[in-house]
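Colleague: Structure: query.cif, mmCIF, C-alpha atoms.
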data_start
#
loop_
_atom_site.label_atom_id
_atom_site.label_comp_id
_atom_site.auth_asym_id
_atom_site.auth_seq_id
_atom_site.Cartn_x
_atom_site.Cartn_y
_atom_site.Cartn_z
CA MET A 213 267.44 206.83 202.56
CA THR A 214 267.68 203.09 202.97
CA GLY A 215 269.87 200.99 205.19
CA ARG A 216 269.30 202.95 208.36
CA ASN A 217 267.73 201.38 211.39
CA ASN A 218 265.39 202.94 213.93
CA PRO A 219 267.67 204.16 216.76
CA TRP A 220 264.70 204.53 219.17
CA ARG A 221 263.57 201.69 221.42
CA THR A 222 259.87 201.40 222.23
CA LEU A 223 259.19 199.93 225.69
CA GLY A 224 255.42 200.34 225.73
CA SER A 225 252.48 202.20 224.21
CA ARG A 226 249.27 203.66 225.60
CA ALA A 227 246.25 204.83 223.55
CA VAL A 228 245.08 208.25 224.75
CA TYR A 229 242.59 209.51 222.15
CA ASP A 230 240.67 208.36 219.15
CA SER A 231 238.41 210.15 216.65
CA PRO A 232 237.35 209.60 213.02
CA TRP A 233 240.32 211.78 211.97
CA ILE A 234 243.19 211.08 214.38
CA SER A 235 244.43 208.77 217.08
CA VAL A 236 246.89 209.81 219.77
CA ARG A 237 249.18 207.44 221.64
CA GLU A 238 251.97 207.88 224.14
CA ASP A 239 254.95 205.58 223.85
CA ALA A 240 257.53 204.88 226.53
CA VAL A 241 260.80 205.10 224.61
CA VAL A 242 264.57 205.11 224.91
CA SER A 243 265.95 207.98 222.79
CA PRO A 244 268.93 207.64 220.41
CA GLY A 245 271.00 209.24 223.21
CA GLY A 246 269.93 206.49 225.63
CA ARG A 247 267.49 208.46 227.74
CA ASP A 248 264.09 207.19 228.95
CA ALA A 249 261.33 209.43 227.63
CA ARG A 250 257.66 209.60 226.68
CA TYR A 251 256.72 210.32 223.07
CA GLY A 252 253.21 211.51 222.16
CA VAL A 253 252.40 210.59 218.56
CA VAL A 254 249.40 211.78 216.52
CA SER A 255 248.40 209.37 213.74
CA PHE A 256 246.15 210.56 210.92
CA ARG A 257 243.48 208.27 209.48
CA ASN A 258 243.50 210.10 206.14
CA THR A 259 246.02 211.47 203.66
CA ALA A 260 245.85 215.23 203.10
CA ILE A 261 244.93 215.89 199.47
CA GLY A 262 245.43 219.30 197.85
CA VAL A 263 244.45 220.49 194.35
CA LEU A 264 245.67 223.65 192.64
CA PRO A 265 243.09 224.34 189.89
CA VAL A 266 244.53 226.63 187.19
CA GLU A 267 242.68 227.99 184.16
CA ASP A 268 244.39 228.36 180.77
CA ASP A 269 244.63 232.14 181.34
CA GLY A 270 246.48 231.65 184.66
CA HIS A 271 243.60 232.28 187.06
CA VAL A 272 243.41 229.98 190.07
CA HIS A 273 240.46 228.93 192.20
CA LEU A 274 240.64 229.19 195.98
CA VAL A 275 238.28 228.36 198.80
CA GLY A 276 238.11 230.16 202.12
CA GLN A 277 236.81 228.86 205.41
CA TRP A 278 237.13 229.29 209.13
CA ARG A 279 239.71 226.81 210.44
CA TYR A 280 238.45 225.80 213.87
CA ALA A 281 241.76 224.32 215.10
CA LEU A 282 243.57 227.51 214.14
CA GLY A 283 240.86 229.94 215.23
CA ALA A 284 241.16 231.92 212.01
CA PHE A 285 239.74 232.29 208.51
CA SER A 286 242.02 230.83 205.83
CA TRP A 287 242.13 231.07 202.01
CA GLU A 288 243.46 227.85 200.51
CA ILE A 289 243.51 225.58 197.51
CA PRO A 290 240.73 222.97 197.62
CA GLU A 291 241.85 220.22 199.99
CA GLY A 292 240.64 217.58 202.36
CA GLY A 293 241.21 214.15 203.80
CA GLY A 294 241.59 211.24 201.37
CA ARG A 295 241.11 207.63 202.36
CA LYS A 296 244.43 205.81 202.57
CA ASP A 297 243.02 202.81 200.70
CA SER A 298 241.85 204.98 197.77
CA ASP A 299 243.83 206.33 194.83
CA PRO A 300 244.87 209.89 195.81
CA LEU A 301 243.84 211.09 192.35
CA ASP A 302 240.27 209.86 192.86
CA GLU A 303 240.16 211.66 196.20
CA ALA A 304 241.52 214.82 194.55
CA ARG A 305 238.83 214.72 191.85
CA ARG A 306 236.18 214.33 194.54
CA GLU A 307 237.52 217.20 196.69
CA LEU A 308 237.72 219.59 193.74
CA ARG A 309 234.19 218.69 192.62
CA GLU A 310 232.69 218.91 196.13
CA GLU A 311 234.32 222.17 197.16
CA THR A 312 234.18 224.15 193.90
CA GLY A 313 231.88 222.36 191.44
CA LEU A 314 234.80 222.11 189.01
CA GLU A 315 236.08 219.19 186.96
CA ALA A 316 239.49 219.02 185.31
CA ALA A 317 240.55 217.32 182.08
CA HIS A 318 244.24 217.13 183.06
CA TRP A 319 245.71 216.02 186.37
CA ARG A 320 249.33 215.94 187.43
CA GLU A 321 250.75 214.93 190.81
CA ILE A 322 253.30 217.62 191.68
CA LEU A 323 254.41 217.05 195.30
CA ARG A 324 254.39 214.66 198.24
CA MET A 325 255.04 215.92 201.76
CA HIS A 326 254.97 214.97 205.41
CA LEU A 327 253.43 217.95 207.14
CA SER A 328 254.64 217.77 210.75
CA ASN A 329 256.95 214.81 211.23
CA SER A 330 258.18 215.55 214.75
CA ILE A 331 254.74 214.67 216.19
CA THR A 332 252.55 213.26 213.40
CA ASP A 333 252.63 210.82 210.47
CA GLU A 334 250.43 213.04 208.30
CA ALA A 335 251.21 212.69 204.60
CA ALA A 336 250.05 214.99 201.80
CA VAL A 337 249.71 214.56 198.04
CA ILE A 338 249.29 217.67 195.88
CA PHE A 339 247.91 217.85 192.33
CA LEU A 340 247.85 220.43 189.58
CA ALA A 341 244.46 220.41 187.81
CA THR A 342 244.04 222.06 184.39
CA GLY A 343 241.49 221.98 181.58
CA LEU A 344 238.82 223.14 184.05
CA SER A 345 235.08 223.12 183.44
CA HIS A 346 232.04 223.72 185.61
CA ALA A 347 230.28 220.45 186.40
CA GLY A 348 227.61 221.81 188.71
CA GLU A 349 227.12 223.28 192.15
CA PRO A 350 229.50 222.46 195.03
CA ALA A 351 228.34 219.71 197.42
CA ARG A 352 230.04 220.65 200.67
CA GLU A 353 230.12 218.82 203.97
CA HIS A 354 228.30 220.21 207.00
CA SER A 355 231.63 221.43 208.37
CA GLU A 356 232.18 223.45 205.18
CA GLN A 357 228.88 225.34 204.95
CA ASP A 358 230.66 228.65 205.51
CA MET A 359 233.02 228.06 202.59
CA GLU A 360 233.64 230.90 200.14
CA GLN A 361 235.19 230.80 196.66
CA ALA A 362 237.55 233.15 194.85
CA ARG A 363 239.16 233.28 191.42
CA ILE A 364 242.38 235.30 191.25
CA PRO A 365 245.45 235.58 189.00
CA PHE A 366 248.29 233.17 189.84
CA ALA A 367 250.63 236.13 190.43
CA ASP A 368 248.29 237.49 193.12
CA LEU A 369 248.20 234.12 194.86
CA LEU A 370 252.00 233.92 194.76
CA ARG A 371 252.27 237.41 196.29
CA ARG A 372 249.85 236.51 199.06
CA VAL A 373 251.86 233.38 199.85
CA THR A 374 255.26 235.07 199.89
CA GLY A 375 253.79 238.01 201.81
CA GLY A 376 252.53 235.76 204.60
CA ASP A 377 248.82 236.45 204.02
CA ILE A 378 248.10 232.88 202.86
CA THR A 379 249.81 230.37 205.14
CA ASP A 380 248.26 226.92 204.64
CA SER A 381 251.22 224.59 204.01
CA LEU A 382 249.65 222.67 201.10
CA THR A 383 248.74 225.93 199.38
CA VAL A 384 252.20 227.43 199.92
CA ALA A 385 253.92 224.34 198.53
CA ALA A 386 251.53 223.93 195.58
CA VAL A 387 251.96 227.53 194.44
CA LEU A 388 255.76 227.56 194.74
CA ARG A 389 256.10 224.17 193.03
CA THR A 390 253.89 225.27 190.14
CA HIS A 391 255.95 228.45 189.75
CA GLN A 392 259.12 226.35 189.64
CA MET A 393 257.56 224.02 187.04
CA ALA A 394 256.65 227.03 184.88
CA VAL A 395 260.20 228.43 185.13
CA LYS A 396 261.78 225.06 184.41
CA GLY A 397 259.68 224.38 181.30
CA GLU A 398 257.74 221.50 182.85
CA LEU A 399 254.37 223.00 181.87
CA GLU A 400 252.71 223.51 178.50
CA PRO A 401 254.24 226.81 177.18
CA GLY A 402 250.98 228.78 177.04
CA LEU A 403 250.09 227.84 180.60
CA ALA A 404 253.61 228.62 181.83
CA GLU A 405 253.44 232.04 180.21
CA ALA A 406 250.05 232.75 181.81
CA ILE A 407 251.33 231.65 185.22
CA LEU A 408 254.52 233.70 185.03
CA LYS A 409 252.74 236.82 183.79
CA GLY A 410 253.31 239.36 186.55
CA ALA A 411 254.92 236.71 188.72
CA ARG A 412 258.58 237.33 188.00
CA MET B 30 240.89 238.13 205.76
CA THR B 31 239.26 240.33 208.37
CA GLY B 32 235.64 240.88 209.19
CA ARG B 33 234.65 237.24 209.27
CA ASN B 34 233.27 235.66 212.38
CA ASN B 35 233.77 232.15 213.69
CA PRO B 36 230.77 230.16 212.35
CA TRP B 37 231.39 227.29 214.81
CA ARG B 38 229.78 227.21 218.27
CA THR B 39 231.73 225.61 221.11
CA LEU B 40 229.49 223.96 223.71
CA GLY B 41 232.19 222.41 225.88
CA SER B 42 235.83 221.28 225.98
CA ARG B 43 237.64 218.32 227.52
CA ALA B 44 241.41 217.99 227.97
CA VAL B 45 242.56 214.55 226.77
CA TYR B 46 246.38 214.70 226.64
CA ASP B 47 249.26 216.87 227.65
CA SER B 48 253.01 216.69 227.04
CA PRO B 49 255.89 219.19 226.88
CA TRP B 50 255.24 219.48 223.11
CA ILE B 51 251.49 219.23 222.55
CA SER B 52 248.14 219.29 224.26
CA VAL B 53 245.05 217.57 222.87
CA ARG B 54 241.48 218.56 223.65
CA GLU B 55 238.09 217.49 222.38
CA ASP B 56 235.45 220.17 221.95
CA ALA B 57 231.72 219.63 221.68
CA VAL B 58 230.77 221.89 218.77
CA VAL B 59 227.99 222.92 216.43
CA SER B 60 229.34 222.99 212.86
CA PRO B 61 228.70 225.82 210.37
CA GLY B 62 226.01 223.55 208.88
CA GLY B 63 224.27 223.30 212.28
CA ARG B 64 225.26 219.76 213.19
CA ASP B 65 226.41 218.65 216.67
CA ALA B 66 229.91 217.18 216.48
CA ARG B 67 233.10 216.52 218.41
CA TYR B 68 236.30 218.21 217.28
CA GLY B 69 239.70 216.91 218.44
CA VAL B 70 242.29 219.71 218.37
CA VAL B 71 246.06 219.35 218.80
CA SER B 72 247.74 222.50 220.15
CA PHE B 73 251.50 222.92 219.82
CA ARG B 74 253.51 224.51 222.65
CA ASN B 75 256.27 225.63 220.25
CA THR B 76 256.58 227.27 216.85
CA ALA B 77 258.29 225.16 214.19
CA ILE B 78 261.50 226.92 213.11
CA GLY B 79 263.32 225.99 209.89
CA VAL B 80 266.62 227.29 208.52
CA LEU B 81 267.94 226.82 204.97
CA PRO B 82 271.72 227.41 205.24
CA VAL B 83 273.20 228.25 201.82
CA GLU B 84 276.89 228.86 201.06
CA ASP B 85 278.02 231.50 198.56
CA ASP B 86 278.71 228.73 196.00
CA GLY B 87 275.16 227.39 196.28
CA HIS B 88 275.81 224.38 198.51
CA VAL B 89 273.24 223.74 201.22
CA HIS B 90 273.55 221.97 204.56
CA LEU B 91 271.09 219.27 205.55
CA VAL B 92 270.61 217.10 208.58
CA GLY B 93 269.19 213.60 208.59
CA GLN B 94 267.54 211.76 211.43
CA TRP B 95 265.07 209.03 212.19
CA ARG B 96 261.63 210.59 212.67
CA TYR B 97 259.95 208.49 215.34
CA ALA B 98 256.38 209.69 214.63
CA LEU B 99 256.82 208.88 210.95
CA GLY B 100 258.76 205.65 211.39
CA ALA B 101 261.30 206.68 208.75
CA PHE B 102 264.65 208.38 208.23
CA SER B 103 264.32 211.92 206.86
CA TRP B 104 266.79 214.41 205.33
CA GLU B 105 265.76 217.98 206.18
CA ILE B 106 266.92 221.52 206.69
CA PRO B 107 267.92 222.22 210.32
CA GLU B 108 264.71 222.73 212.28
CA GLY B 109 263.16 222.44 215.68
CA GLY B 110 260.70 223.86 218.15
CA GLY B 111 261.03 227.53 219.07
CA ARG B 112 259.52 229.03 222.21
CA LYS B 113 256.51 231.15 221.37
CA ASP B 114 257.68 233.92 223.70
CA SER B 115 261.09 234.15 221.99
CA ASP B 116 262.08 235.95 218.79
CA PRO B 117 261.90 233.30 216.01
CA LEU B 118 265.25 234.57 214.68
CA ASP B 119 266.96 233.83 218.01
CA GLU B 120 265.48 230.33 217.96
CA ALA B 121 266.65 229.87 214.35
CA ARG B 122 270.23 230.89 215.25
CA ARG B 123 270.18 228.41 218.14
CA GLU B 124 268.81 225.53 216.03
CA LEU B 125 271.37 226.07 213.27
CA ARG B 126 274.24 226.25 215.78
CA GLU B 127 273.09 223.22 217.77
CA GLU B 128 272.37 220.94 214.83
CA THR B 129 275.22 221.84 212.46
CA GLY B 130 277.80 223.93 214.34
CA LEU B 131 277.26 226.72 211.80
CA GLU B 132 276.74 230.43 212.30
CA ALA B 133 275.36 232.81 209.65
CA ALA B 134 276.17 236.49 209.04
CA HIS B 135 272.94 237.16 207.15
CA TRP B 136 269.43 236.08 208.06
CA ARG B 137 266.21 236.60 206.15
CA GLU B 138 262.73 235.41 207.08
CA ILE B 139 261.30 233.91 203.88
CA LEU B 140 258.01 232.16 204.79
CA ARG B 141 255.34 231.69 207.44
CA MET B 142 253.05 228.66 207.34
CA HIS B 143 250.43 226.76 209.27
CA LEU B 144 251.35 223.13 208.81
CA SER B 145 248.14 221.16 209.37
CA ASN B 146 245.26 223.52 210.08
CA SER B 147 242.39 221.03 209.96
CA ILE B 148 243.54 219.48 213.25
CA THR B 149 246.39 221.58 214.70
CA ASP B 150 247.41 225.20 215.34
CA GLU B 151 251.06 224.53 214.51
CA ALA B 152 252.79 227.55 212.97
CA ALA B 153 256.15 227.60 211.21
CA VAL B 154 258.66 230.35 210.44
CA ILE B 155 261.38 229.68 207.86
CA PHE B 156 264.67 231.54 207.41
CA LEU B 157 267.35 231.73 204.75
CA ALA B 158 270.80 231.84 206.35
CA THR B 159 273.83 232.98 204.34
CA GLY B 160 277.37 234.11 205.08
CA LEU B 161 278.02 230.80 206.83
CA SER B 162 280.99 230.00 209.07
CA HIS B 163 281.90 227.11 211.33
CA ALA B 164 281.51 228.11 214.97
CA GLY B 165 282.34 224.73 216.54
CA GLU B 166 280.92 221.28 217.01
CA PRO B 167 277.17 220.60 217.01
CA ALA B 168 275.53 220.38 220.45
CA ARG B 169 272.57 218.09 219.82
CA GLU B 170 269.79 217.03 222.13
CA HIS B 171 269.55 213.45 223.37
CA SER B 172 266.76 212.83 220.86
CA GLU B 173 269.11 213.88 218.03
CA GLN B 174 272.14 211.72 218.80
CA ASP B 175 271.65 209.78 215.56
CA MET B 176 271.71 212.95 213.46
CA GLU B 177 273.81 212.99 210.28
CA GLN B 178 274.93 215.95 208.18
CA ALA B 179 275.26 216.46 204.43
CA ARG B 180 276.40 219.28 202.15
CA ILE B 181 274.94 219.14 198.63
CA PRO B 182 274.36 221.53 195.70
CA PHE B 183 271.06 223.43 195.81
CA ALA B 184 270.03 221.90 192.48
CA ASP B 185 270.38 218.40 193.96
CA LEU B 186 268.21 219.36 196.92
CA LEU B 187 265.59 220.80 194.58
CA ARG B 188 265.57 217.59 192.53
CA ARG B 189 265.17 215.47 195.65
CA VAL B 190 262.23 217.61 196.76
CA THR B 191 260.42 217.62 193.42
CA GLY B 192 261.16 213.92 193.00
CA GLY B 193 259.50 213.03 196.30
CA ASP B 194 262.65 211.76 198.01
CA ILE B 195 262.72 214.65 200.54
CA THR B 196 259.24 215.26 201.93
CA ASP B 197 259.50 217.33 205.12
CA SER B 198 257.10 220.26 204.61
CA LEU B 199 259.41 222.97 205.95
CA THR B 200 262.23 221.73 203.71
CA VAL B 201 259.99 221.55 200.64
CA ALA B 202 258.67 225.07 201.19
CA ALA B 203 262.10 226.57 202.01
CA VAL B 204 263.71 225.15 198.87
CA LEU B 205 260.92 226.19 196.51
CA ARG B 206 260.66 229.67 198.05
CA THR B 207 264.43 230.21 197.73
CA HIS B 208 264.28 229.09 194.09
CA GLN B 209 261.47 231.58 193.46
CA MET B 210 263.46 234.37 195.17
CA ALA B 211 266.46 233.59 192.97
CA VAL B 212 264.32 233.67 189.81
CA LYS B 213 262.59 236.89 190.84
CA GLY B 214 265.82 238.77 191.62
CA GLU B 215 265.21 238.93 195.37
CA LEU B 216 268.65 237.50 196.18
CA GLU B 217 272.14 238.94 195.77
CA PRO B 218 273.02 238.19 192.06
CA GLY B 219 276.03 235.94 192.76
CA LEU B 220 274.01 233.84 195.19
CA ALA B 221 271.05 233.65 192.80
CA GLU B 222 273.36 232.46 190.02
CA ALA B 223 274.89 229.79 192.26
CA ILE B 224 271.45 228.59 193.34
CA LEU B 225 270.05 228.45 189.82
CA LYS B 226 273.11 226.66 188.41
CA GLY B 227 271.77 223.33 187.22
CA ALA B 228 268.38 224.11 188.74
CA ARG B 229 266.54 225.44 185.71
#
How does the structure come out when it is put into structure tokens?

Modeller:
Amino acid sequence: MTGRNNPWRTLGSRAVYDSPWISVREDAVVSPGGRDARYGVVSFRNTAIGVLPVEDDGHVHLVGQWRYALGAFSWEIPEGGGRKDSDPLDEARRELREETGLEAAHWREILRMHLSNSITDEAAVIFLATGLSHAGEPAREHSEQDMEQARIPFADLLRRVTGGDITDSLTVAAVLRTHQMAVKGELEPGLAEAILKGAR
Amino acid sequence: MTGRNNPWRTLGSRAVYDSPWISVREDAVVSPGGRDARYGVVSFRNTAIGVLPVEDDGHVHLVGQWRYALGAFSWEIPEGGGRKDSDPLDEARRELREETGLEAAHWREILRMHLSNSITDEAAVIFLATGLSHAGEPAREHSEQDMEQARIPFADLLRRVTGGDITDSLTVAAVLRTHQMAVKGELEPGLAEAILKGAR
């Protein structure tokens, strides 16, 4: 991955939009093929943080909300924007607590991704949270007041992901990675067994 | 998933940016919690198309290129923007042919995702391509003139994904989904065996 240089040349840059969540700029560039072009880039102020909360018996907790940008309701793992200058794990603990009221005794970072790298710099960090306990009521933001919660078997979540019913990229990746960890013996045996029950 | 209504109210909308790939607008909204807010939304003109090309012996083909928006070099499955009014499979065939020079006898849609649904409406469709043959030289776009190619065992790709070295979301999801299909018996047995060799 190292040793390669940026083959694009940037001739100029113009700010076109700014919000608490994103900024958009348009650069005048010369492409690797030598052509003059304009490149619109969306920069994210936060890191996307996702948490897959799994109980010892293999049940998972999901939240559902209307996604305004998509124009559709979406069931997902708890997730949200984490400050780039914070520890992603602290942000994950906060998101899980705020959206579901849950705390977890055990945390494990399971994936890092870039979500849409042709246009954006958005990065994601995904955690597996186990040893769950109820810490209180959710404390959701005003944009999340329609949020619903569900508790379903891992195998059902996997089927809804592979069947195209659940499509959020962090959720898809978290579920498939956790399945692979269970198969590969990277999870505590009892948890792996509970996760794979009905899932293979 | 059905039966739920949009809990957001849109009071107005302002176009802020437009390119051949995205448009950005800012809506004046009332959130589900009843608060006035502004919501910046990035709409994508194309659907993200990804193709995981796997040989009978379990080797996969990757492409690597500098991702300008990310400011980094990235190894990925062949992918690109597909026209929304085209069949995603046709767009997948074209992307694979253009980026690698490969054709595939067998195609299977394996995942649908929304990549970043808090801000964008970007959708992705991912295919598994098998029965590969060389159809000629790649025919890359001017923005892809720095593109490199690699052929590596599936198990190596899986390790690079789970280790955080390969982070592109379509690549991460495609690899983990194909692993899960192999484990679950959803692939032809010889191919599943080749994929799982060294991978579990």

Colleague: If I take atom CA of B:Tyr46 and atom CA of B:Glu105, how far is one from the other in Å, to one decimal?

Modeller: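 So the answer is 28.4 Å.
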
Colleague: The centre and edge lengths of an axis-aligned box containing all atoms of stretch 367-377 of chain A present in the file, extended by 6 Å on each side, are to be given in Å to one decimal, as AutoDock Vina command-line options.

Modeller:
--center_x 251.7 --center_y 235.7 --center_z 197.5 --size_x 19.1 --size_y 16.6 --size_z 26.2

Colleague: Between B:Ile148, B:Ile181, B:Arg137, B:Glu128, which has the minimum distance to A:Ser231 (counting all atoms listed in the file)?

Modeller: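 Of B:Ile148, B:Ile181, B:Arg137, B:Glu128, the one nearest A:Ser231, counting all atoms listed in the file, is B:Ile148.
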
Colleague: Evaluate the PyMOL selection byres ((chain A) within 6 of (chain B)) on the structure here and hand back the selected residues as a PDB file with C-alpha atoms, in the coordinates of the input.

Modeller:
ATOM      1  CA  SER A 243     265.950 207.980 222.790  1.00  0.00           C
ATOM      2  CA  PRO A 244     268.930 207.640 220.410  1.00  0.00           C
ATOM      3  CA  GLY A 245     271.000 209.240 223.210  1.00  0.00           C
ATOM      4  CA  VAL A 253     252.400 210.590 218.560  1.00  0.00           C
ATOM      5  CA  ALA A 281     241.760 224.320 215.100  1.00  0.00           C
ATOM      6  CA  LEU A 282     243.570 227.510 214.140  1.00  0.00           C
ATOM      7  CA  ARG A 324     254.390 214.660 198.240  1.00  0.00           C
ATOM      8  CA  MET A 325     255.040 215.920 201.760  1.00  0.00           C
ATOM      9  CA  HIS A 326     254.970 214.970 205.410  1.00  0.00           C
ATOM     10  CA  LEU A 327     253.430 217.950 207.140  1.00  0.00           C
ATOM     11  CA  ASN A 329     256.950 214.810 211.230  1.00  0.00           C
ATOM     12  CA  ILE A 331     254.740 214.670 216.190  1.00  0.00           C
ATOM     13  CA  THR A 332     252.550 213.260 213.400  1.00  0.00           C
ATOM     14  CA  ASP A 333     252.630 210.820 210.470  1.00  0.00           C
ATOM     15  CA  HIS A 354     228.300 220.210 207.000  1.00  0.00           C
ATOM     16  CA  SER A 355     231.630 221.430 208.370  1.00  0.00           C
ATOM     17  CA  GLN A 357     228.880 225.340 204.950  1.00  0.00           C
ATOM     18  CA  ASP A 358     230.660 228.650 205.510  1.00  0.00           C
ATOM     19  CA  GLY A 376     252.530 235.760 204.600  1.00  0.00           C
ATOM     20  CA  THR A 379     249.810 230.370 205.140  1.00  0.00           C
ATOM     21  CA  ASP A 380     248.260 226.920 204.640  1.00  0.00           C
ATOM     22  CA  SER A 381     251.220 224.590 204.010  1.00  0.00           C
ATOM     23  CA  ALA A 385     253.920 224.340 198.530  1.00  0.00           C
ATOM     24  CA  LEU A 388     255.760 227.560 194.740  1.00  0.00           C
ATOM     25  CA  LYS A 396     261.780 225.060 184.410  1.00  0.00           C
ATOM     26  CA  ARG A 412     258.580 237.330 188.000  1.00  0.00           C
TER      27      ARG A 412
END

Colleague: Under the PyMOL selection byres ((chain B and resi 132) around 10), which residues of this model are included? Write them out as a PyMOL selection string.

Modeller: chain B and resi 82+122-123+125-127+129-131+133-135+158-165

Colleague: Report, in Å with one decimal, the straight-line distance from atom CA of B:Leu186 to atom CA of B:Glu215.

Modeller: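 Interatomic distance, atom CA of B:Leu186 to atom CA of B:Glu215: 19.9 Å.
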
Colleague: As an exercise, work out the distance from atom CA of A:Glu307 to atom CA of A:Glu405 in Å and give it to one decimal place.

Modeller: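 That distance, rounded to one decimal, is 27.3 Å.
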
Colleague: Name the closest residue to B:His90 among the candidates B:Asp119, B:Glu217, B:Asp114, B:Glu177; distances are taken between atoms, counting all atoms listed in the file.

Modeller: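 Going through B:Asp119, B:Glu217, B:Asp114, B:Glu177 one by one, the smallest distance to B:His90 is for B:Glu177.
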
Colleague: If we count all atoms listed in the file and set the cut-off at 9 Å, which residues sit around A:Arg363, ignoring sequence neighbours fewer than 4 positions away in its own chain? Please answer as an MDAnalysis selection string.

Modeller: chainID A and resid 271:275

Colleague: May I have the protein, DNA and RNA residues with any atom at most 7 Å from the point (235.9, 222.1, 226.2), counting all atoms listed in the file, written as JSON, numbers by chain?

Modeller: {"B": [41, 42, 43, 55, 56, 57]}
